[in-house]
Each structure stands twice: as structure tokens, then as C-alpha cells.
$ cat input_38.cif   # mmCIF, N, CA and C atoms
data_my_file
#
loop_
_atom_site.group_PDB
_atom_site.id
_atom_site.type_symbol
_atom_site.label_atom_id
_atom_site.label_comp_id
_atom_site.auth_asym_id
_atom_site.auth_seq_id
_atom_site.Cartn_x
_atom_site.Cartn_y
_atom_site.Cartn_z
ATOM 1 N N GLN U 160 49.050 61.658 205.394
ATOM 2 C CA GLN U 160 48.322 60.534 204.869
ATOM 3 C C GLN U 160 48.170 59.436 205.907
ATOM 4 N N LEU U 161 49.233 59.196 206.692
ATOM 5 C CA LEU U 161 49.142 58.178 207.727
ATOM 6 C C LEU U 161 48.117 58.582 208.775
ATOM 7 N N ASP U 162 48.099 59.847 209.139
ATOM 8 C CA ASP U 162 47.107 60.320 210.104
ATOM 9 C C ASP U 162 45.693 60.053 209.602
ATOM 10 N N ASP U 163 45.461 60.296 208.325
ATOM 11 C CA ASP U 163 44.140 60.043 207.733
ATOM 12 C C ASP U 163 43.806 58.556 207.785
ATOM 13 N N ALA U 164 44.776 57.712 207.454
ATOM 14 C CA ALA U 164 44.551 56.267 207.469
ATOM 15 C C ALA U 164 44.268 55.770 208.881
ATOM 16 N N LEU U 165 45.020 56.267 209.852
ATOM 17 C CA LEU U 165 44.787 55.866 211.244
ATOM 18 C C LEU U 165 43.404 56.299 211.723
ATOM 19 N N ALA U 166 42.975 57.480 211.337
ATOM 20 C CA ALA U 166 41.664 57.977 211.736
ATOM 21 C C ALA U 166 40.543 57.194 211.064
ATOM 22 N N LYS U 167 40.772 56.824 209.826
ATOM 23 C CA LYS U 167 39.736 56.138 209.045
ATOM 24 C C LYS U 167 39.661 54.647 209.366
ATOM 25 N N GLU U 168 40.801 54.017 209.546
ATOM 26 C CA GLU U 168 40.874 52.563 209.728
ATOM 27 C C GLU U 168 41.161 52.218 211.188
ATOM 28 N N THR U 169 40.269 52.584 212.075
ATOM 29 C CA THR U 169 40.484 52.394 213.513
ATOM 30 C C THR U 169 40.506 50.931 213.932
ATOM 31 N N GLY U 170 39.929 50.057 213.149
ATOM 32 C CA GLY U 170 39.874 48.640 213.497
ATOM 33 C C GLY U 170 41.131 47.861 213.157
ATOM 34 N N ILE U 171 42.067 48.473 212.452
ATOM 35 C CA ILE U 171 43.297 47.770 212.090
ATOM 36 C C ILE U 171 44.273 47.869 213.259
ATOM 37 N N GLY U 172 44.638 46.710 213.802
ATOM 38 C CA GLY U 172 45.503 46.687 214.973
ATOM 39 C C GLY U 172 46.970 46.496 214.668
ATOM 40 N N ALA U 173 47.278 45.976 213.477
ATOM 41 C CA ALA U 173 48.664 45.714 213.116
ATOM 42 C C ALA U 173 48.946 46.318 211.741
ATOM 43 N N TRP U 174 50.097 46.942 211.622
ATOM 44 C CA TRP U 174 50.470 47.641 210.385
ATOM 45 C C TRP U 174 51.847 47.186 209.933
ATOM 46 N N VAL U 175 52.066 47.171 208.631
ATOM 47 C CA VAL U 175 53.359 46.850 208.042
ATOM 48 C C VAL U 175 53.972 48.134 207.502
ATOM 49 N N VAL U 176 55.211 48.397 207.894
ATOM 50 C CA VAL U 176 55.943 49.546 207.369
ATOM 51 C C VAL U 176 56.904 49.007 206.308
ATOM 52 N N ALA U 177 56.551 49.201 205.050
ATOM 53 C CA ALA U 177 57.364 48.720 203.931
ATOM 54 C C ALA U 177 57.578 49.882 202.970
ATOM 55 N N THR U 178 58.136 50.931 203.506
ATOM 56 C CA THR U 178 58.387 52.174 202.779
ATOM 57 C C THR U 178 59.898 52.350 202.647
ATOM 58 N N PRO U 179 60.368 53.368 201.943
ATOM 59 C CA PRO U 179 61.816 53.595 201.900
ATOM 60 C C PRO U 179 62.396 53.734 203.316
ATOM 61 N N THR U 180 63.541 53.142 203.526
ATOM 62 C CA THR U 180 64.164 53.085 204.854
ATOM 63 C C THR U 180 64.205 54.425 205.593
ATOM 64 N N PRO U 181 64.544 55.535 204.949
ATOM 65 C CA PRO U 181 64.600 56.793 205.698
ATOM 66 C C PRO U 181 63.260 57.237 206.294
ATOM 67 N N THR U 182 62.164 56.654 205.863
ATOM 68 C CA THR U 182 60.848 57.039 206.392
ATOM 69 C C THR U 182 60.361 56.123 207.518
ATOM 70 N N HIS U 183 61.064 55.044 207.786
ATOM 71 C CA HIS U 183 60.611 54.072 208.776
ATOM 72 C C HIS U 183 60.383 54.685 210.158
ATOM 73 N N ARG U 184 61.336 55.486 210.606
ATOM 74 C CA ARG U 184 61.250 56.013 211.971
ATOM 75 C C ARG U 184 59.978 56.817 212.191
ATOM 76 N N ALA U 185 59.726 57.782 211.347
ATOM 77 C CA ALA U 185 58.556 58.654 211.545
ATOM 78 C C ALA U 185 57.261 57.858 211.507
ATOM 79 N N ILE U 186 57.171 56.937 210.569
ATOM 80 C CA ILE U 186 55.944 56.155 210.442
ATOM 81 C C ILE U 186 55.780 55.203 211.627
ATOM 82 N N ALA U 187 56.824 54.463 211.942
ATOM 83 C CA ALA U 187 56.743 53.489 213.032
ATOM 84 C C ALA U 187 56.492 54.164 214.375
ATOM 85 N N GLU U 188 57.140 55.290 214.630
ATOM 86 C CA GLU U 188 56.901 56.003 215.894
ATOM 87 C C GLU U 188 55.443 56.434 216.002
ATOM 88 N N LYS U 189 54.879 56.898 214.909
ATOM 89 C CA LYS U 189 53.487 57.329 214.924
ATOM 90 C C LYS U 189 52.552 56.142 215.186
ATOM 91 N N LEU U 190 52.844 55.008 214.559
ATOM 92 C CA LEU U 190 52.018 53.809 214.760
ATOM 93 C C LEU U 190 52.136 53.293 216.192
ATOM 94 N N ILE U 191 53.345 53.270 216.715
ATOM 95 C CA ILE U 191 53.559 52.835 218.096
ATOM 96 C C ILE U 191 52.800 53.748 219.055
ATOM 97 N N ALA U 192 52.894 55.053 218.842
ATOM 98 C CA ALA U 192 52.190 56.018 219.692
ATOM 99 C C ALA U 192 50.675 55.829 219.615
ATOM 100 N N ALA U 193 50.208 55.340 218.470
ATOM 101 C CA ALA U 193 48.768 55.105 218.289
ATOM 102 C C ALA U 193 48.337 53.754 218.869
ATOM 103 N N GLY U 194 49.286 53.020 219.448
ATOM 104 C CA GLY U 194 48.955 51.737 220.075
ATOM 105 C C GLY U 194 48.793 50.595 219.083
ATOM 106 N N LYS U 195 49.472 50.671 217.961
ATOM 107 C CA LYS U 195 49.369 49.639 216.929
ATOM 108 C C LYS U 195 50.552 48.688 216.986
ATOM 109 N N HIS U 196 50.314 47.426 216.623
ATOM 110 C CA HIS U 196 51.398 46.474 216.428
ATOM 111 C C HIS U 196 52.071 46.858 215.112
ATOM 112 N N VAL U 197 53.405 46.683 215.036
ATOM 113 C CA VAL U 197 54.135 47.118 213.842
ATOM 114 C C VAL U 197 55.109 46.035 213.394
ATOM 115 N N PHE U 198 55.048 45.706 212.100
ATOM 116 C CA PHE U 198 56.083 44.906 211.450
ATOM 117 C C PHE U 198 56.811 45.856 210.520
ATOM 118 N N CYS U 199 58.094 46.060 210.770
ATOM 119 C CA CYS U 199 58.884 47.010 209.987
ATOM 120 C C CYS U 199 59.843 46.243 209.093
ATOM 121 N N GLU U 200 59.714 46.465 207.801
ATOM 122 C CA GLU U 200 60.599 45.827 206.826
ATOM 123 C C GLU U 200 62.034 46.264 207.099
ATOM 124 N N ALA U 201 62.952 45.325 207.032
ATOM 125 C CA ALA U 201 64.363 45.628 207.228
ATOM 126 C C ALA U 201 64.964 46.216 205.956
ATOM 127 N N PRO U 202 65.975 47.021 206.089
ATOM 128 C CA PRO U 202 66.645 47.409 207.325
ATOM 129 C C PRO U 202 65.768 48.345 208.155
ATOM 130 N N LEU U 203 65.943 48.260 209.446
ATOM 131 C CA LEU U 203 65.137 49.039 210.372
ATOM 132 C C LEU U 203 65.255 50.532 210.132
ATOM 133 N N ALA U 204 66.460 51.008 209.970
ATOM 134 C CA ALA U 204 66.674 52.456 209.869
ATOM 135 C C ALA U 204 67.915 52.756 209.036
ATOM 136 N N GLY U 205 67.996 53.996 208.603
ATOM 137 C CA GLY U 205 69.140 54.428 207.810
ATOM 138 C C GLY U 205 70.250 55.044 208.630
ATOM 139 N N SER U 206 70.002 55.213 209.929
ATOM 140 C CA SER U 206 71.027 55.779 210.804
ATOM 141 C C SER U 206 70.936 55.145 212.179
ATOM 142 N N ILE U 207 72.023 55.199 212.905
ATOM 143 C CA ILE U 207 72.048 54.674 214.279
ATOM 144 C C ILE U 207 71.060 55.452 215.138
ATOM 145 N N GLU U 208 71.011 56.751 214.945
ATOM 146 C CA GLU U 208 70.090 57.604 215.718
ATOM 147 C C GLU U 208 68.639 57.149 215.530
ATOM 148 N N ASP U 209 68.243 56.911 214.289
ATOM 149 C CA ASP U 209 66.877 56.461 214.026
ATOM 150 C C ASP U 209 66.623 55.073 214.619
ATOM 151 N N ALA U 210 67.606 54.188 214.504
ATOM 152 C CA ALA U 210 67.453 52.840 215.059
ATOM 153 C C ALA U 210 67.291 52.886 216.572
ATOM 154 N N LYS U 211 68.115 53.686 217.234
ATOM 155 C CA LYS U 211 68.018 53.800 218.697
ATOM 156 C C LYS U 211 66.674 54.394 219.117
ATOM 157 N N ALA U 212 66.193 55.373 218.377
ATOM 158 C CA ALA U 212 64.899 55.980 218.699
ATOM 159 C C ALA U 212 63.772 54.959 218.561
ATOM 160 N N LEU U 213 63.849 54.125 217.539
ATOM 161 C CA LEU U 213 62.817 53.108 217.366
ATOM 162 C C LEU U 213 62.888 52.037 218.450
ATOM 163 N N VAL U 214 64.089 51.680 218.855
ATOM 164 C CA VAL U 214 64.235 50.717 219.946
ATOM 165 C C VAL U 214 63.594 51.272 221.216
ATOM 166 N N LEU U 215 63.865 52.523 221.519
ATOM 167 C CA LEU U 215 63.278 53.145 222.715
ATOM 168 C C LEU U 215 61.752 53.209 222.619
ATOM 169 N N ALA U 216 61.249 53.572 221.452
ATOM 170 C CA ALA U 216 59.797 53.639 221.265
ATOM 171 C C ALA U 216 59.175 52.258 221.432
ATOM 172 N N ALA U 217 59.808 51.235 220.864
ATOM 173 C CA ALA U 217 59.274 49.873 220.947
ATOM 174 C C ALA U 217 59.329 49.338 222.374
ATOM 175 N N ARG U 218 60.392 49.650 223.095
ATOM 176 C CA ARG U 218 60.502 49.193 224.491
ATOM 177 C C ARG U 218 59.403 49.782 225.361
ATOM 178 N N GLY U 219 58.992 50.992 225.051
ATOM 179 C CA GLY U 219 57.957 51.647 225.844
ATOM 180 C C GLY U 219 56.543 51.292 225.421
ATOM 181 N N ALA U 220 56.415 50.500 224.375
ATOM 182 C CA ALA U 220 55.087 50.173 223.835
ATOM 183 C C ALA U 220 54.470 48.978 224.546
ATOM 184 N N ARG U 221 53.151 48.933 224.493
ATOM 185 C CA ARG U 221 52.434 47.773 225.011
ATOM 186 C C ARG U 221 52.025 46.859 223.860
ATOM 187 N N THR U 222 52.577 47.122 222.705
ATOM 188 C CA THR U 222 52.265 46.348 221.509
ATOM 189 C C THR U 222 53.538 45.684 220.988
ATOM 190 N N VAL U 223 53.388 44.861 219.972
ATOM 191 C CA VAL U 223 54.521 44.146 219.388
ATOM 192 C C VAL U 223 55.147 44.991 218.283
ATOM 193 N N PHE U 224 56.466 45.046 218.293
ATOM 194 C CA PHE U 224 57.222 45.697 217.227
ATOM 195 C C PHE U 224 58.224 44.680 216.722
ATOM 196 N N GLN U 225 58.165 44.372 215.434
ATOM 197 C CA GLN U 225 59.058 43.370 214.863
ATOM 198 C C GLN U 225 59.690 43.903 213.592
ATOM 199 N N VAL U 226 60.932 43.502 213.374
ATOM 200 C CA VAL U 226 61.654 43.866 212.151
ATOM 201 C C VAL U 226 61.970 42.579 211.406
ATOM 202 N N GLY U 227 61.825 42.603 210.094
ATOM 203 C CA GLY U 227 62.141 41.404 209.326
ATOM 204 C C GLY U 227 62.114 41.655 207.835
ATOM 205 N N HIS U 228 62.375 40.593 207.114
ATOM 206 C CA HIS U 228 62.374 40.633 205.647
ATOM 207 C C HIS U 228 61.183 39.815 205.162
ATOM 208 N N THR U 229 60.182 40.455 204.637
ATOM 209 C CA THR U 229 59.005 39.721 204.178
ATOM 210 C C THR U 229 59.287 38.952 202.895
ATOM 211 N N SER U 230 60.035 39.497 202.005
ATOM 212 C CA SER U 230 60.243 38.866 200.702
ATOM 213 C C SER U 230 61.240 37.720 200.732
ATOM 214 N N ARG U 231 62.091 37.684 201.707
ATOM 215 C CA ARG U 231 63.124 36.651 201.721
ATOM 216 C C ARG U 231 62.578 35.262 201.982
ATOM 217 N N THR U 232 61.350 35.149 202.451
ATOM 218 C CA THR U 232 60.763 33.842 202.694
ATOM 219 C C THR U 232 59.998 33.322 201.486
ATOM 220 N N ASN U 233 59.948 34.086 200.420
ATOM 221 C CA ASN U 233 59.240 33.699 199.211
ATOM 222 C C ASN U 233 60.082 32.676 198.442
ATOM 223 N N PRO U 234 59.522 31.489 198.129
ATOM 224 C CA PRO U 234 60.284 30.448 197.419
ATOM 225 C C PRO U 234 60.842 30.897 196.068
ATOM 226 N N VAL U 235 60.220 31.859 195.434
ATOM 227 C CA VAL U 235 60.724 32.309 194.133
ATOM 228 C C VAL U 235 62.112 32.932 194.272
ATOM 229 N N TYR U 236 62.423 33.528 195.414
ATOM 230 C CA TYR U 236 63.749 34.094 195.621
ATOM 231 C C TYR U 236 64.804 32.996 195.752
ATOM 232 N N ASP U 237 64.450 31.881 196.398
ATOM 233 C CA ASP U 237 65.378 30.752 196.467
ATOM 234 C C ASP U 237 65.657 30.204 195.070
ATOM 235 N N LEU U 238 64.622 30.119 194.241
ATOM 236 C CA LEU U 238 64.791 29.650 192.875
ATOM 237 C C LEU U 238 65.697 30.596 192.082
ATOM 238 N N ALA U 239 65.465 31.882 192.208
ATOM 239 C CA ALA U 239 66.293 32.873 191.503
ATOM 240 C C ALA U 239 67.744 32.782 191.948
ATOM 241 N N ARG U 240 67.975 32.622 193.252
ATOM 242 C CA ARG U 240 69.352 32.482 193.749
ATOM 243 C C ARG U 240 70.020 31.238 193.174
ATOM 244 N N SER U 241 69.248 30.152 193.062
ATOM 245 C CA SER U 241 69.841 28.920 192.529
ATOM 246 C C SER U 241 70.258 29.104 191.074
ATOM 247 N N PHE U 242 69.454 29.825 190.275
ATOM 248 C CA PHE U 242 69.837 30.111 188.891
ATOM 249 C C PHE U 242 71.108 30.958 188.855
ATOM 250 N N TYR U 243 71.155 31.963 189.697
ATOM 251 C CA TYR U 243 72.315 32.859 189.721
ATOM 252 C C TYR U 243 73.577 32.089 190.118
ATOM 253 N N ARG U 244 73.479 31.292 191.159
ATOM 254 C CA ARG U 244 74.640 30.567 191.664
ATOM 255 C C ARG U 244 75.103 29.466 190.697
ATOM 256 N N SER U 245 74.194 28.970 189.895
ATOM 257 C CA SER U 245 74.564 27.901 188.946
ATOM 258 C C SER U 245 75.334 28.448 187.745
ATOM 259 N N GLY U 246 75.362 29.755 187.576
ATOM 260 C CA GLY U 246 76.045 30.352 186.449
ATOM 261 C C GLY U 246 75.148 30.509 185.220
ATOM 262 N N SER U 247 73.873 30.179 185.365
ATOM 263 C CA SER U 247 72.926 30.302 184.255
ATOM 264 C C SER U 247 72.645 31.742 183.891
ATOM 265 N N VAL U 248 72.802 32.637 184.855
ATOM 266 C CA VAL U 248 72.526 34.050 184.641
ATOM 267 C C VAL U 248 73.851 34.777 184.499
ATOM 268 N N LYS U 249 73.991 35.544 183.421
ATOM 269 C CA LYS U 249 75.265 36.247 183.225
ATOM 270 C C LYS U 249 75.040 37.719 183.123
#

$ encode --input "input_38.cif" --output "C-alpha cells"
Amino acid sequence: QLDDALAKETGIGAWVVATPTPTHRAIAEKLIAAGKHVFCEAPLAGSIEDAKALVLAARGARTVFQVGHTSRTNPVYDLARSFYRSGSVK
């Protein structure tokens, strides 16, 4: 499916990998090899081996590879945490 998307959407230069963690490596490596910028949702990988492979792939790329948490910057999560910490949620 990713191969089809890459072939069809040639104008997309940056991709977000927000799939189950065990699939990150295969998808991100393919995107990096295709010359795409990649934002990979954390955690980066489910194993040290996969993490090291992605680091090596990213170091060899001429594009940007970034790992982060997209949802953690959403203000609704701060609000939910405040309710939880206040003891309102049981």
C-alpha cells in the first residue's frame, strides 16, 4: 500500500508515520529511501535493533527525519491531565 501511495502521490515531500510501533522501521526506511522527509510518531521503535537501523538510515539521508509526539502538544491533553491530577476522575 505504501508503494502505491508513493507512486501515486509523487508531489508529497514529507510524510508522517503514525502507525503501530512495530511497523515504523519498514515504513520509515522505505520513505527515507524514496527521498522523503519523515516525522515518526514516538516511540521510534519496538526494539533496539529497529531503532539503530532507523538512526543509520536517517544519518545517510539527505532529508529530515524527526521523532516526536504529535498529540502531546494538544491543549485538551493538558486539561485532561489537570482533571486526573485534581482527583476529579476516579

$ residues_around --input "input_38.cif" --residues "U:Thr178" --least-positions-apart "4" --cutoff "6.5 Å" --atoms "all atoms listed in the file" --output "PyMOL selection string"
chain U and resi 182-183+200

$ residues_around --input "input_38.cif" --residues "U:Gly172" --least-positions-apart "6" --cutoff "6.5 Å" --atoms "all atoms listed in the file" --output "PyMOL selection string"
chain U and resi 194-197

$ select_by_dssp --input "input_38.cif" --residues "chain U" --states "helix (DSSP H, G or I)" --output "PyMOL selection string"
chain U and resi 161-167+180-192+207-218+230-232+234-245

$ atom_distance --input "input_38.cif" --atom1 "atom N of U:Ile207" --atom2 "atom C of U:Pro181"
11.2 Å

$ atom_distance --input "input_38.cif" --atom1 "atom CA of U:Leu161" --atom2 "atom CA of U:Ile186"
7.6 Å

$ atom_distance --input "input_38.cif" --atom1 "atom CA of U:Ala216" --atom2 "atom C of U:Thr229"
23.5 Å

$ resolve_selection --input "input_38.cif" --expression "the PyMOL selection byres (((chain U and resi 222 and name CA) around 12) and name CA)" --output "list in words"
Gly172, Ala173, Trp174, Ala187, Leu190, Ile191, Ala192, Ala193, Gly194, Lys195, His196, Val197, Phe198, Ala216, Ala217, Arg218, Gly219, Ala220, Arg221, Val223, Phe224 and Gln225 of chain U

$ closest_residue --input "input_38.cif" --among "U:Ser247, U:Asp209, U:Arg240, U:Leu203" --to "U:Val176" --atoms "only C-alpha atoms"
U:Leu203

$ build_atoms --input "input_38.cif" --residues "stretch 192-203 of chain U" --atoms "all heavy atoms" --output "compact mmCIF listing (two decimals), in the frame of the given file"
# COMPACT_ATOMS: atom_id res chain seq x y z
N ALA U 192 52.89 55.05 218.84
CA ALA U 192 52.19 56.02 219.69
C ALA U 192 50.68 55.83 219.62
O ALA U 192 49.97 56.10 220.59
CB ALA U 192 52.57 57.44 219.30
N ALA U 193 50.21 55.34 218.47
CA ALA U 193 48.77 55.10 218.29
C ALA U 193 48.34 53.75 218.87
O ALA U 193 47.16 53.39 218.78
CB ALA U 193 48.41 55.18 216.81
N GLY U 194 49.29 53.02 219.45
CA GLY U 194 48.96 51.74 220.08
C GLY U 194 48.79 50.60 219.08
O GLY U 194 48.08 49.63 219.36
N LYS U 195 49.47 50.67 217.96
CA LYS U 195 49.37 49.64 216.93
C LYS U 195 50.55 48.69 216.99
O LYS U 195 51.66 49.07 217.35
CB LYS U 195 49.31 50.27 215.53
CG LYS U 195 48.21 51.30 215.36
CD LYS U 195 46.84 50.69 215.53
CE LYS U 195 45.73 51.71 215.33
NZ LYS U 195 44.41 51.14 215.50
N HIS U 196 50.31 47.43 216.62
CA HIS U 196 51.40 46.47 216.43
C HIS U 196 52.07 46.86 215.11
O HIS U 196 51.40 47.27 214.16
CB HIS U 196 50.87 45.04 216.34
CG HIS U 196 50.13 44.60 217.56
ND1 HIS U 196 50.76 44.30 218.75
CD2 HIS U 196 48.81 44.40 217.77
CE1 HIS U 196 49.86 43.94 219.64
NE2 HIS U 196 48.67 43.99 219.07
N VAL U 197 53.40 46.68 215.04
CA VAL U 197 54.14 47.12 213.84
C VAL U 197 55.11 46.04 213.39
O VAL U 197 55.89 45.52 214.19
CB VAL U 197 54.93 48.42 214.11
CG1 VAL U 197 55.74 48.83 212.89
CG2 VAL U 197 54.01 49.54 214.56
N PHE U 198 55.05 45.71 212.10
CA PHE U 198 56.08 44.91 211.45
C PHE U 198 56.81 45.86 210.52
O PHE U 198 56.21 46.42 209.61
CB PHE U 198 55.49 43.75 210.64
CG PHE U 198 56.54 42.91 209.97
CD1 PHE U 198 57.08 41.81 210.60
CD2 PHE U 198 57.02 43.25 208.71
CE1 PHE U 198 58.07 41.04 209.99
CE2 PHE U 198 58.00 42.50 208.10
CZ PHE U 198 58.52 41.39 208.74
N CYS U 199 58.09 46.06 210.77
CA CYS U 199 58.88 47.01 209.99
C CYS U 199 59.84 46.24 209.09
O CYS U 199 60.66 45.45 209.57
CB CYS U 199 59.66 47.94 210.92
SG CYS U 199 60.49 49.28 210.08
N GLU U 200 59.71 46.46 207.80
CA GLU U 200 60.60 45.83 206.83
C GLU U 200 62.03 46.26 207.10
O GLU U 200 62.30 47.43 207.38
CB GLU U 200 60.17 46.23 205.41
CG GLU U 200 61.00 45.63 204.32
CD GLU U 200 60.79 44.14 204.09
OE1 GLU U 200 59.78 43.58 204.53
OE2 GLU U 200 61.68 43.53 203.48
N ALA U 201 62.95 45.32 207.03
CA ALA U 201 64.36 45.63 207.23
C ALA U 201 64.96 46.22 205.96
O ALA U 201 64.47 45.94 204.88
CB ALA U 201 65.11 44.36 207.63
N PRO U 202 65.97 47.02 206.09
CA PRO U 202 66.64 47.41 207.32
C PRO U 202 65.77 48.34 208.16
O PRO U 202 64.96 49.10 207.62
CB PRO U 202 67.90 48.11 206.86
CG PRO U 202 67.58 48.63 205.50
CD PRO U 202 66.61 47.66 204.91
N LEU U 203 65.94 48.26 209.45
CA LEU U 203 65.14 49.04 210.37
C LEU U 203 65.26 50.53 210.13
O LEU U 203 64.24 51.24 210.11
CB LEU U 203 65.55 48.72 211.81
CG LEU U 203 64.94 49.58 212.91
CD1 LEU U 203 63.43 49.42 212.93
CD2 LEU U 203 65.54 49.23 214.25
